[in-house]
2 protein chains.
Amino acid sequence: MEERTEIAELGEFGLIEHLTKNFEIQNVSTVLGVGDDAAVIDHFGKQTVVTTDLLLEGIHFDLMYTPLKHLGYKSVMVNLSDIYAMNAQPTQITVSIGISNRVSMEALNEFYEGIYLACEKHGVDLIGGDTSTSQKGFIISITAIGEVAPDKYVKRSTAQKGDLICVTGDLGGAFLGLTLMEREKKIYLENPQIQPDLENESYIVGRLLKPEARKDMIEFFEKNEITPTAMMDVSDGVSSEVMHLCKQSNLGCRIYEEKLPINDESRKAAYKFGLDPTVCALNGGEDYELIFTLKQEDHEKITFNEEISVIGYMTELEEGCKLLTKGGNTFNITAQGWNAFQQ
Amino acid sequence: MEERTEIAELGEFGLIEHLTKNFEIQNVSTVLGVGDDAAVIDHFGKQTVVTTDLLLEGIHFDLMYTPLKHLGYKSVMVNLSDIYAMNAQPTQITVSIGISNRVSMEALNEFYEGIYLACEKHGVDLIGGDTSTSQKGFIISITAIGEVAPDKYVKRSTAQKGDLICVTGDLGGAFLGLTLMEREKKIYLENPQIQPDLENESYIVGRLLKPEARKDMIEFFEKNEITPTAMMDVSDGVSSEVMHLCKQSNLGCRIYEEKLPINDESRKAAYKFGLDPTVCALNGGEDYELIFTLKQEDHEKITFNEEISVIGYMTELEEGCKLLTKGGNTFNITAQGWNAFQQ
């Protein structure tokens with residue numbers, strides 16, 4: 001029988017102490033961490049960057065196929081991704097959770113293992129949070145804080161006409177992983193005898209359950225003296241993000257279908273599910289890649305980085321947001337990204 | 001008939017735009033606010049203070065007797081209170097909400113009116129957040145950020161033996177307001193014909209629904225060159241908080257029952273409900289006052305401030321945490337503050 005410790009035995013303060021006791025501070029800017037009314041950060045000479053995300057069971061994740069350690073890891077990643085998208089380095093996070101009685105101490109430990117692993121890998125300190133019971137479902141609210149040299153942050157609204165549009169990594173994998181998991185869940189619920197068939201699908205499952213925020217890209221930019229003219233992370237889908245860049249920069253764009261980076265495993269999975277890989281790449285969310293614009297004269301600085309694909313360029317506002325297909329047709333790009341209020 | 005706008009009509013980005021469009025930046029440190037992946041703050045020459053709180057419907061508030069505007073206001077206050085408890089000035093907040101379909105646009109507008117009012121009164125900028133649907137209940141997660149001159153923040157762990165223990169305002173009112181509201185709710189549910197009897201109870205109802213974080217005290221400290229040796233806010237109850245101060249400072253304390261500040265209206269309400277006003281003052285939570293320790297030689301600096309009561313002093317660890325009653329008896333103080341996991 002599995003070990004199970006009830007959280008009520010510890011109480012709120014005991015719980016916080018238990019969950020944070022093995023956590024060592026990594027940043028000199030973390031003056032005071034967990035255990036007081038607030039944490040204290042010292043970013044003298046740098047600007048502070050702040051972002052926050054709410055993740056709700058049944059809306060953003062399904063515990064039926066999301067291991068808690070992965071959930072902890074991913075919850076941190078989605079926030080760090082927003083910090084990197086500002087061209088900043090994450091330094092601290094706060095983690096608030098609401099949990100129902102059915103969550104055991106062992107389950108919570110696993111969740112925090114994922115949190116800690118993410119923090120360790122990205123050099124981030126956990127500096128505070130809040131814990132509460134919830135009436136229903138697991139609730140996660142994370143705020144990430146980062147630092148950037150004065151005025152070196154990169155917004156969404158500063159792309160220029162003619163700038164190249166680039167994306168990191170590849171697209172659509174997380175959406176295909178989700179499609180697979182939802183399909184397997186349905187089969188399992190109809191007949192619990194059938195074991196999930198995830199063999200050969202580890203790539204897309206990994207894209208869904210273990211996204212990795214692009215710290216490496218921010219480091220690459222710094223090392224190669226690249227400053228994107230505009231940037232954001234790909235959380236809702238490239239269609240949706242490219243339209244944000246256009247709207248906020250008051251420009252149009254042209255995207256080439258053939259340039260969209262799609263992993264072979266994703267492509268195979270798409271065909272298997274009867275889906276168009278291009279549609280998955282454009283509209284699938286949760287890839288947590290970066291999309292950025294770059295002055296044309298900086299093109300050679302990225303040519304040899306295989307993790308970066310140029311997918312199009314910014315145009316005049318009047319030209320609209322267009323997709324040029326492999327067949328030579330031109331379509332308007334519409335934001336079909338994930339909309340939490342219309343599901 | 002009441003006007004009702006469905007939130008789905010706006011979508012997530014439309015909703016954020018709608019909710020934040022009238023909000024003007026008040027702090028020069030707010031370099032970039034709502035509308036990008038993250039916000040940017042410039043606290044050059046100061047330290048940054050961060051705190052976060054999760055508020056859940058059915059756990060922390062009951063929409064049956066909590067007007068949404070008050071809820072918005074209070075949600076901000078509980079966070080600002082933590083910033084003041086560090087002897088810091090709040091400057092920015094992020095607000096994340098999870099809402100079910102039964103919440104209309106008009107209801108959400110009211111909630112944000114309360115948020116804005118709190119921000120305006122305390123000179124705080126709303127710089128970001130996240131919105132999501134929730135499967136059940138209204139979910140609120142707020143992170144507050146503040147600033148403090150280098151190393152001028154006040155922790156819980158730095159009280160010294162002999163220091164005076166002081167509290168601001170008065171105690172137990174919010175708990176009595178909650179007791180009243182829960183009683184009236186029960187009567188109403190049993191017989192909806194009976195209208196709530198809140199006449200003459202506006203003081204305790206106000207303490208519950210409209211707490212005011214003690215910005216005035218931090219300003220008083222600065223003006224009078226007072227630095228508390230330790231400080232925290234009273235959210236769980238003075239018993240619980242005083243034990244935190246003792247535990248973290250490795251000391252004991254002695255509290256005098258007769259010195260506990262209790263408002264006449266609270267006292268009357270306690271008697272009416274058959275409760276001991278002292279127990280309400282010690283164990284009732286959510287007063288959002290400050291409890292702090294002070295060097296004895298600073299006593300005269302606070303004598304004429306009627307908002308501050310000296311309720312006892314810090315002793316050696318071995319002497320324990322003691323309450324000296326009006327009758328001359330001595331009891332051990334136990335933390336009966338609110339424990340979310342044992343309700």
# chains A, B, ... in the order shown; residues from 1 in each chain; ligands from 1

$ residues_around --residues "range 97-100 of chain A" --least-positions-apart "2" --cutoff "6 Å" --atoms "only C-alpha atoms" --output "list in words"
Arg102, Val103, Thr131, Ser132, Thr133, Ser134, Gln135, Phe138, Ile139 and Ile140 of chain A

$ write_last_selection --atoms "N, CA and C atoms" --output "short mmCIF file (atom, residue, chain, number, x, y, z; two decimals), in the first residue's frame"
data_model
loop_
_atom_site.label_atom_id
_atom_site.label_comp_id
_atom_site.auth_asym_id
_atom_site.auth_seq_id
_atom_site.Cartn_x
_atom_site.Cartn_y
_atom_site.Cartn_z
N ARG A 102 -8.04 15.42 -0.99
CA ARG A 102 -7.60 14.17 -1.60
C ARG A 102 -6.12 14.20 -2.00
N VAL A 103 -5.46 15.36 -1.91
CA VAL A 103 -4.03 15.43 -2.19
C VAL A 103 -3.24 15.05 -0.93
N THR A 131 -0.46 28.82 0.86
CA THR A 131 -1.08 27.51 0.70
C THR A 131 -2.47 27.58 1.30
N SER A 132 -3.40 26.87 0.68
CA SER A 132 -4.77 26.90 1.16
C SER A 132 -5.45 25.59 0.78
N THR A 133 -6.54 25.27 1.47
CA THR A 133 -7.39 24.20 0.99
C THR A 133 -8.22 24.74 -0.16
N SER A 134 -8.63 23.88 -1.07
CA SER A 134 -9.57 24.29 -2.11
C SER A 134 -10.77 23.36 -2.00
N GLN A 135 -11.93 23.85 -2.39
CA GLN A 135 -13.12 23.01 -2.34
C GLN A 135 -13.10 21.99 -3.46
N PHE A 138 -7.05 21.21 -7.96
CA PHE A 138 -5.72 21.69 -7.63
C PHE A 138 -5.56 23.05 -8.31
N ILE A 139 -5.18 24.06 -7.53
CA ILE A 139 -5.02 25.42 -8.03
C ILE A 139 -3.56 25.82 -7.86
N ILE A 140 -2.95 26.33 -8.93
CA ILE A 140 -1.54 26.74 -8.87
C ILE A 140 -1.43 28.18 -9.38
#

$ closest_atom_pairs --of "chain A" --to "chain B" --cutoff "6 Å" --atoms "only C-alpha atoms" --output "CSV"
residue,atom,partner,partner_atom,distance
A:Ala8,CA,B:Phe341,CA,4.9
A:Gly11,CA,B:Phe341,CA,5.8
A:Asp37,CA,B:Asp82,CA,5.0
A:Ala38,CA,B:Thr51,CA,4.5
A:Ala39,CA,B:Val50,CA,5.0
A:Val40,CA,B:Val49,CA,4.4
A:Ile41,CA,B:Thr48,CA,4.7
A:Asp42,CA,B:Gln47,CA,4.7
A:Phe44,CA,B:Phe44,CA,5.3
A:Gly45,CA,B:Phe44,CA,5.8
A:Gln47,CA,B:Asp42,CA,4.7
A:Thr48,CA,B:Ile41,CA,4.7
A:Val49,CA,B:Val40,CA,4.4
A:Val50,CA,B:Ala39,CA,5.0
A:Thr51,CA,B:Ala38,CA,4.5
A:Thr52,CA,B:Gly129,CA,5.7
A:Asp53,CA,B:Asp130,CA,5.6
A:Asp82,CA,B:Asp37,CA,5.0
A:Gly129,CA,B:Thr52,CA,5.7
A:Asp130,CA,B:Asp53,CA,5.6
A:Ser132,CA,B:Ala340,CA,5.9
A:Ala340,CA,B:Ser132,CA,5.9
A:Phe341,CA,B:Ala8,CA,4.9
A:Gln342,CA,B:Ala8,CA,5.7

$ atom_distance --atom1 "CA of Leu117 in chain A" --atom2 "CA of Ser202 in chain A"
20.4 Å

$ residues_around --residues "Ser239 in chain B" --least-positions-apart "6" --cutoff "12 Å" --atoms "only C-alpha atoms" --output "VMD selection string"
chain B and resid 167 171 to 172 245 to 246 253 to 255 257 260 278 to 285 291 311 321 to 323 331 to 338

$ write_last_selection --atoms "N, CA and C atoms" --output "compact mmCIF listing (two decimals), in the first residue's frame"
# COMPACT_ATOMS: atom_id res chain seq x y z
N VAL B 167 0.54 46.74 19.27
CA VAL B 167 -0.37 46.48 18.14
C VAL B 167 -1.05 47.79 17.75
N LEU B 171 -8.61 44.92 18.04
CA LEU B 171 -8.57 43.51 17.67
C LEU B 171 -9.92 42.81 17.81
N GLY B 172 -10.12 41.79 17.03
CA GLY B 172 -11.30 40.93 17.19
C GLY B 172 -12.51 41.37 16.38
N LEU B 245 6.41 35.61 16.26
CA LEU B 245 7.48 36.54 16.64
C LEU B 245 8.41 35.88 17.66
N CYS B 246 7.83 35.20 18.65
CA CYS B 246 8.63 34.54 19.69
C CYS B 246 9.47 33.42 19.10
N CYS B 253 7.35 35.66 25.70
CA CYS B 253 6.69 36.96 25.83
C CYS B 253 5.69 36.94 26.97
N ARG B 254 5.30 38.11 27.38
CA ARG B 254 4.25 38.27 28.38
C ARG B 254 3.27 39.31 27.84
N ILE B 255 2.00 38.88 27.74
CA ILE B 255 0.95 39.76 27.21
C ILE B 255 -0.05 40.03 28.34
N GLU B 257 -3.80 40.92 29.41
CA GLU B 257 -5.17 40.91 28.90
C GLU B 257 -5.76 42.31 28.89
N LEU B 260 -5.12 44.64 25.84
CA LEU B 260 -5.56 44.32 24.48
C LEU B 260 -6.58 45.35 24.00
N THR B 278 -11.98 38.96 25.02
CA THR B 278 -10.53 38.71 25.03
C THR B 278 -10.17 37.56 24.08
N VAL B 279 -10.98 36.52 24.11
CA VAL B 279 -10.72 35.38 23.22
C VAL B 279 -10.86 35.83 21.76
N CYS B 280 -11.87 36.65 21.49
CA CYS B 280 -12.05 37.18 20.12
C CYS B 280 -10.83 38.00 19.70
N ALA B 281 -10.33 38.83 20.63
CA ALA B 281 -9.19 39.69 20.31
C ALA B 281 -7.93 38.86 20.08
N LEU B 282 -7.77 37.81 20.87
CA LEU B 282 -6.54 36.99 20.77
C LEU B 282 -6.57 36.06 19.57
N ASN B 283 -7.73 35.45 19.31
CA ASN B 283 -7.77 34.38 18.32
C ASN B 283 -8.50 34.73 17.02
N GLY B 284 -9.24 35.84 17.03
CA GLY B 284 -9.94 36.23 15.81
C GLY B 284 -8.93 36.69 14.77
N GLY B 285 -9.11 36.29 13.53
CA GLY B 285 -8.16 36.69 12.50
C GLY B 285 -8.66 37.84 11.66
N ILE B 291 1.48 44.11 14.26
CA ILE B 291 2.03 43.83 15.58
C ILE B 291 3.54 43.99 15.44
N ILE B 311 1.00 46.04 24.45
CA ILE B 311 0.24 44.96 25.07
C ILE B 311 1.11 44.00 25.88
N CYS B 321 5.43 31.73 26.29
CA CYS B 321 4.51 32.79 25.84
C CYS B 321 3.34 32.81 26.82
N LYS B 322 3.25 33.87 27.59
CA LYS B 322 2.26 33.92 28.68
C LYS B 322 1.25 35.05 28.53
N LEU B 323 0.03 34.77 28.96
CA LEU B 323 -1.00 35.81 29.06
C LEU B 323 -1.31 36.03 30.53
N PHE B 331 -1.65 32.29 31.90
CA PHE B 331 -1.92 31.16 31.01
C PHE B 331 -0.88 31.10 29.91
N ASN B 332 -0.66 29.89 29.40
CA ASN B 332 0.16 29.77 28.19
C ASN B 332 -0.67 30.23 26.99
N ILE B 333 -0.05 31.01 26.12
CA ILE B 333 -0.72 31.40 24.88
C ILE B 333 -0.58 30.25 23.89
N THR B 334 -1.69 29.84 23.27
CA THR B 334 -1.62 28.81 22.23
C THR B 334 -2.12 29.42 20.94
N ALA B 335 -1.57 28.98 19.85
CA ALA B 335 -1.97 29.56 18.56
C ALA B 335 -3.27 28.92 18.12
N GLN B 336 -4.35 29.66 18.27
CA GLN B 336 -5.63 29.14 17.80
C GLN B 336 -6.05 29.89 16.56
N GLY B 337 -5.08 30.52 15.94
CA GLY B 337 -5.36 31.26 14.71
C GLY B 337 -5.94 30.31 13.68
N TRP B 338 -6.41 30.91 12.64
CA TRP B 338 -7.06 30.22 11.56
C TRP B 338 -6.10 29.21 10.94

$ residues_around --residues "Thr303 in chain A" --least-positions-apart "6" --cutoff "12 Å" --atoms "only C-alpha atoms" --output "PDB file with N, CA and C atoms, in the first residue's frame"
ATOM      1  N   CYS A 166      11.206  35.284 -36.512  1.00  0.00           N
ATOM      2  CA  CYS A 166      11.909  34.035 -36.200  1.00  0.00           C
ATOM      3  C   CYS A 166      11.196  33.292 -35.080  1.00  0.00           C
ATOM      4  N   ASN A 224      26.008  36.722 -28.622  1.00  0.00           N
ATOM      5  CA  ASN A 224      26.190  37.158 -30.007  1.00  0.00           C
ATOM      6  C   ASN A 224      25.728  38.590 -30.260  1.00  0.00           C
ATOM      7  N   GLN A 296      16.995  42.950 -40.489  1.00  0.00           N
ATOM      8  CA  GLN A 296      17.530  42.088 -41.552  1.00  0.00           C
ATOM      9  C   GLN A 296      19.049  41.988 -41.510  1.00  0.00           C
ATOM     10  N   GLU A 297      19.710  43.091 -41.105  1.00  0.00           N
ATOM     11  CA  GLU A 297      21.188  43.050 -41.087  1.00  0.00           C
ATOM     12  C   GLU A 297      21.743  42.108 -40.010  1.00  0.00           C
ATOM     13  N   SER A 309      14.449  29.398 -36.645  1.00  0.00           N
ATOM     14  CA  SER A 309      13.929  29.388 -38.020  1.00  0.00           C
ATOM     15  C   SER A 309      13.341  30.750 -38.354  1.00  0.00           C
ATOM     16  N   VAL A 310      13.709  31.251 -39.526  1.00  0.00           N
ATOM     17  CA  VAL A 310      13.068  32.477 -40.018  1.00  0.00           C
ATOM     18  C   VAL A 310      11.798  32.043 -40.748  1.00  0.00           C
TER      19      VAL A 310
END

$ closest_residue --among "A:Glu258, A:Ile165, A:Gln26, A:Glu222" --to "His299 in chain A" --atoms "only C-alpha atoms"
A:Ile165

$ select_by_dssp --residues "range 276-335 of chain B" --states "helix (DSSP H, G or I)" --output "list in words"
Pro277, Thr278, Val279, Cys280, Ala281, Leu282, Asn283, Gln296, Glu297, Asp298, His299, Glu300, Lys301, Ile302, Leu317, Glu318 and Glu319 of chain B

$ write_last_selection --atoms "C-alpha atoms" --output "mmCIF file, in the first residue's frame"
data_model
loop_
_atom_site.group_PDB
_atom_site.id
_atom_site.type_symbol
_atom_site.label_atom_id
_atom_site.label_comp_id
_atom_site.auth_asym_id
_atom_site.auth_seq_id
_atom_site.Cartn_x
_atom_site.Cartn_y
_atom_site.Cartn_z
ATOM 1 C CA PRO B 277 -14.073 39.637 23.974
ATOM 2 C CA THR B 278 -10.533 38.707 25.027
ATOM 3 C CA VAL B 279 -10.723 35.381 23.217
ATOM 4 C CA CYS B 280 -12.046 37.177 20.122
ATOM 5 C CA ALA B 281 -9.185 39.692 20.310
ATOM 6 C CA LEU B 282 -6.545 36.991 20.773
ATOM 7 C CA ASN B 283 -7.774 34.378 18.319
ATOM 8 C CA GLN B 296 12.006 50.358 25.455
ATOM 9 C CA GLU B 297 13.836 53.653 24.926
ATOM 10 C CA ASP B 298 11.564 54.339 21.933
ATOM 11 C CA HIS B 299 8.457 54.151 24.125
ATOM 12 C CA GLU B 300 7.962 57.899 24.353
ATOM 13 C CA LYS B 301 7.909 58.180 20.555
ATOM 14 C CA ILE B 302 4.631 56.248 20.437
ATOM 15 C CA LEU B 317 12.745 31.825 25.648
ATOM 16 C CA GLU B 318 12.518 29.754 28.860
ATOM 17 C CA GLU B 319 9.714 31.919 30.222
#

$ closest_residue --among "A:Ile218, A:Val242, A:Leu209, A:Ile308" --to "Leu80 in chain A" --atoms "only C-alpha atoms"
A:Ile218

$ residues_around --residues "Gly72 in chain B" --least-positions-apart "2" --cutoff "6 Å" --atoms "only C-alpha atoms" --output "number ranges by chain"
B: 69-70, 74-75, 111, 114-115

$ write_last_selection --atoms "C-alpha atoms" --output "mmCIF file, in the first residue's frame"
data_model
loop_
_atom_site.group_PDB
_atom_site.id
_atom_site.type_symbol
_atom_site.label_atom_id
_atom_site.label_comp_id
_atom_site.auth_asym_id
_atom_site.auth_seq_id
_atom_site.Cartn_x
_atom_site.Cartn_y
_atom_site.Cartn_z
ATOM 1 C CA LYS B 69 -16.365 45.715 -4.811
ATOM 2 C CA HIS B 70 -15.455 45.028 -1.187
ATOM 3 C CA LYS B 74 -9.985 43.493 0.549
ATOM 4 C CA SER B 75 -8.033 41.181 -1.788
ATOM 5 C CA PHE B 111 -14.683 43.586 -8.400
ATOM 6 C CA GLY B 114 -12.655 47.682 -5.590
ATOM 7 C CA ILE B 115 -9.186 46.744 -6.862
#

$ select_by_dssp --residues "range 16-148 of chain A" --states "strand (DSSP E)" --output "MDAnalysis selection string"
chainID A and resid 30:32 39:41 47:56 89:99 125:133 139:148

$ write_last_selection --atoms "C-alpha atoms" --output "compact mmCIF listing (two decimals), in the first residue's frame"
# COMPACT_ATOMS: atom_id res chain seq x y z
CA THR A 30 17.57 37.21 -2.89
CA VAL A 31 18.03 39.10 0.38
CA LEU A 32 15.19 37.39 2.27
CA ALA A 39 10.47 38.40 0.50
CA VAL A 40 13.14 41.02 -0.19
CA ILE A 41 15.02 41.34 -3.47
CA GLN A 47 15.35 46.44 -13.76
CA THR A 48 12.91 43.96 -12.28
CA VAL A 49 10.61 41.94 -14.54
CA VAL A 50 7.40 40.37 -13.17
CA THR A 51 4.91 37.89 -14.62
CA THR A 52 2.24 35.61 -13.20
CA ASP A 53 0.20 32.60 -14.34
CA LEU A 54 -2.77 30.76 -12.90
CA LEU A 55 -3.05 27.02 -13.64
CA LEU A 56 -6.28 25.23 -12.77
CA GLN A 89 16.89 36.38 -16.64
CA PRO A 90 14.49 34.87 -14.09
CA THR A 91 15.78 35.09 -10.52
CA GLN A 92 12.89 34.38 -8.11
CA ILE A 93 9.44 32.79 -8.01
CA THR A 94 6.55 32.62 -5.56
CA VAL A 95 4.30 29.56 -5.60
CA SER A 96 0.75 29.59 -4.22
CA ILE A 97 -1.33 26.42 -4.19
CA GLY A 98 -4.89 25.47 -3.33
CA ILE A 99 -5.35 21.77 -2.66
CA ASP A 125 15.00 30.98 -5.98
CA LEU A 126 11.63 30.11 -4.46
CA ILE A 127 11.00 33.07 -2.16
CA GLY A 128 7.43 32.75 -0.95
CA GLY A 129 3.87 31.76 -1.62
CA ASP A 130 0.62 30.83 0.00
CA THR A 131 -1.08 27.51 0.70
CA SER A 132 -4.77 26.90 1.16
CA THR A 133 -7.39 24.20 0.99
CA ILE A 139 -5.02 25.42 -8.03
CA ILE A 140 -1.54 26.74 -8.87
CA SER A 141 -0.59 30.41 -9.03
CA ILE A 142 3.03 31.27 -9.74
CA THR A 143 4.66 34.66 -10.02
CA ALA A 144 8.12 34.89 -11.56
CA ILE A 145 10.53 37.76 -11.11
CA GLY A 146 13.57 38.44 -13.23
CA GLU A 147 16.18 41.04 -13.95
CA VAL A 148 17.39 42.83 -17.03

$ atom_distance --atom1 "CA of Lys152 in chain B" --atom2 "CA of Lys215 in chain B"
15.9 Å

$ decode --residues "range 242-261 of chain B" --atoms "N, CA and C atoms" --output "PDB file, in the first residue's frame"
ATOM      1  N   VAL B 242       1.911  36.468  17.738  1.00  0.00           N
ATOM      2  CA  VAL B 242       2.883  36.692  18.795  1.00  0.00           C
ATOM      3  C   VAL B 242       3.764  35.436  18.956  1.00  0.00           C
ATOM      4  N   MET B 243       3.172  34.285  18.708  1.00  0.00           N
ATOM      5  CA  MET B 243       3.967  33.053  18.781  1.00  0.00           C
ATOM      6  C   MET B 243       4.950  32.949  17.621  1.00  0.00           C
ATOM      7  N   HIS B 244       4.571  33.476  16.451  1.00  0.00           N
ATOM      8  CA  HIS B 244       5.526  33.542  15.336  1.00  0.00           C
ATOM      9  C   HIS B 244       6.712  34.432  15.713  1.00  0.00           C
ATOM     10  N   LEU B 245       6.408  35.608  16.262  1.00  0.00           N
ATOM     11  CA  LEU B 245       7.484  36.540  16.636  1.00  0.00           C
ATOM     12  C   LEU B 245       8.414  35.884  17.656  1.00  0.00           C
ATOM     13  N   CYS B 246       7.832  35.199  18.649  1.00  0.00           N
ATOM     14  CA  CYS B 246       8.631  34.545  19.692  1.00  0.00           C
ATOM     15  C   CYS B 246       9.473  33.417  19.101  1.00  0.00           C
ATOM     16  N   LYS B 247       8.816  32.563  18.305  1.00  0.00           N
ATOM     17  CA  LYS B 247       9.519  31.406  17.748  1.00  0.00           C
ATOM     18  C   LYS B 247      10.681  31.869  16.856  1.00  0.00           C
ATOM     19  N   GLN B 248      10.375  32.828  15.967  1.00  0.00           N
ATOM     20  CA  GLN B 248      11.405  33.247  15.014  1.00  0.00           C
ATOM     21  C   GLN B 248      12.497  34.092  15.667  1.00  0.00           C
ATOM     22  N   SER B 249      12.163  34.768  16.777  1.00  0.00           N
ATOM     23  CA  SER B 249      13.175  35.564  17.473  1.00  0.00           C
ATOM     24  C   SER B 249      13.830  34.771  18.598  1.00  0.00           C
ATOM     25  N   ASN B 250      13.351  33.536  18.793  1.00  0.00           N
ATOM     26  CA  ASN B 250      13.909  32.660  19.830  1.00  0.00           C
ATOM     27  C   ASN B 250      13.736  33.250  21.231  1.00  0.00           C
ATOM     28  N   LEU B 251      12.562  33.791  21.492  1.00  0.00           N
ATOM     29  CA  LEU B 251      12.270  34.437  22.776  1.00  0.00           C
ATOM     30  C   LEU B 251      10.906  33.983  23.295  1.00  0.00           C
ATOM     31  N   GLY B 252      10.574  34.407  24.510  1.00  0.00           N
ATOM     32  CA  GLY B 252       9.231  34.246  25.053  1.00  0.00           C
ATOM     33  C   GLY B 252       8.559  35.606  25.109  1.00  0.00           C
ATOM     34  N   CYS B 253       7.352  35.662  25.697  1.00  0.00           N
ATOM     35  CA  CYS B 253       6.694  36.961  25.832  1.00  0.00           C
ATOM     36  C   CYS B 253       5.695  36.942  26.974  1.00  0.00           C
ATOM     37  N   ARG B 254       5.297  38.107  27.379  1.00  0.00           N
ATOM     38  CA  ARG B 254       4.255  38.266  28.379  1.00  0.00           C
ATOM     39  C   ARG B 254       3.266  39.313  27.841  1.00  0.00           C
ATOM     40  N   ILE B 255       2.003  38.884  27.736  1.00  0.00           N
ATOM     41  CA  ILE B 255       0.948  39.761  27.210  1.00  0.00           C
ATOM     42  C   ILE B 255      -0.053  40.032  28.341  1.00  0.00           C
ATOM     43  N   TYR B 256      -0.513  41.275  28.443  1.00  0.00           N
ATOM     44  CA  TYR B 256      -1.487  41.637  29.476  1.00  0.00           C
ATOM     45  C   TYR B 256      -2.891  41.723  28.881  1.00  0.00           C
ATOM     46  N   GLU B 257      -3.798  40.917  29.411  1.00  0.00           N
ATOM     47  CA  GLU B 257      -5.172  40.911  28.905  1.00  0.00           C
ATOM     48  C   GLU B 257      -5.764  42.312  28.894  1.00  0.00           C
ATOM     49  N   GLU B 258      -5.543  43.061  29.983  1.00  0.00           N
ATOM     50  CA  GLU B 258      -6.184  44.380  30.106  1.00  0.00           C
ATOM     51  C   GLU B 258      -5.667  45.390  29.077  1.00  0.00           C
ATOM     52  N   LYS B 259      -4.530  45.073  28.468  1.00  0.00           N
ATOM     53  CA  LYS B 259      -3.963  46.012  27.496  1.00  0.00           C
ATOM     54  C   LYS B 259      -4.444  45.748  26.064  1.00  0.00           C
ATOM     55  N   LEU B 260      -5.124  44.639  25.845  1.00  0.00           N
ATOM     56  CA  LEU B 260      -5.562  44.316  24.477  1.00  0.00           C
ATOM     57  C   LEU B 260      -6.579  45.352  24.001  1.00  0.00           C
ATOM     58  N   PRO B 261      -6.324  46.024  22.883  1.00  0.00           N
ATOM     59  CA  PRO B 261      -7.255  47.059  22.416  1.00  0.00           C
ATOM     60  C   PRO B 261      -8.496  46.427  21.780  1.00  0.00           C
TER      61      PRO B 261
END
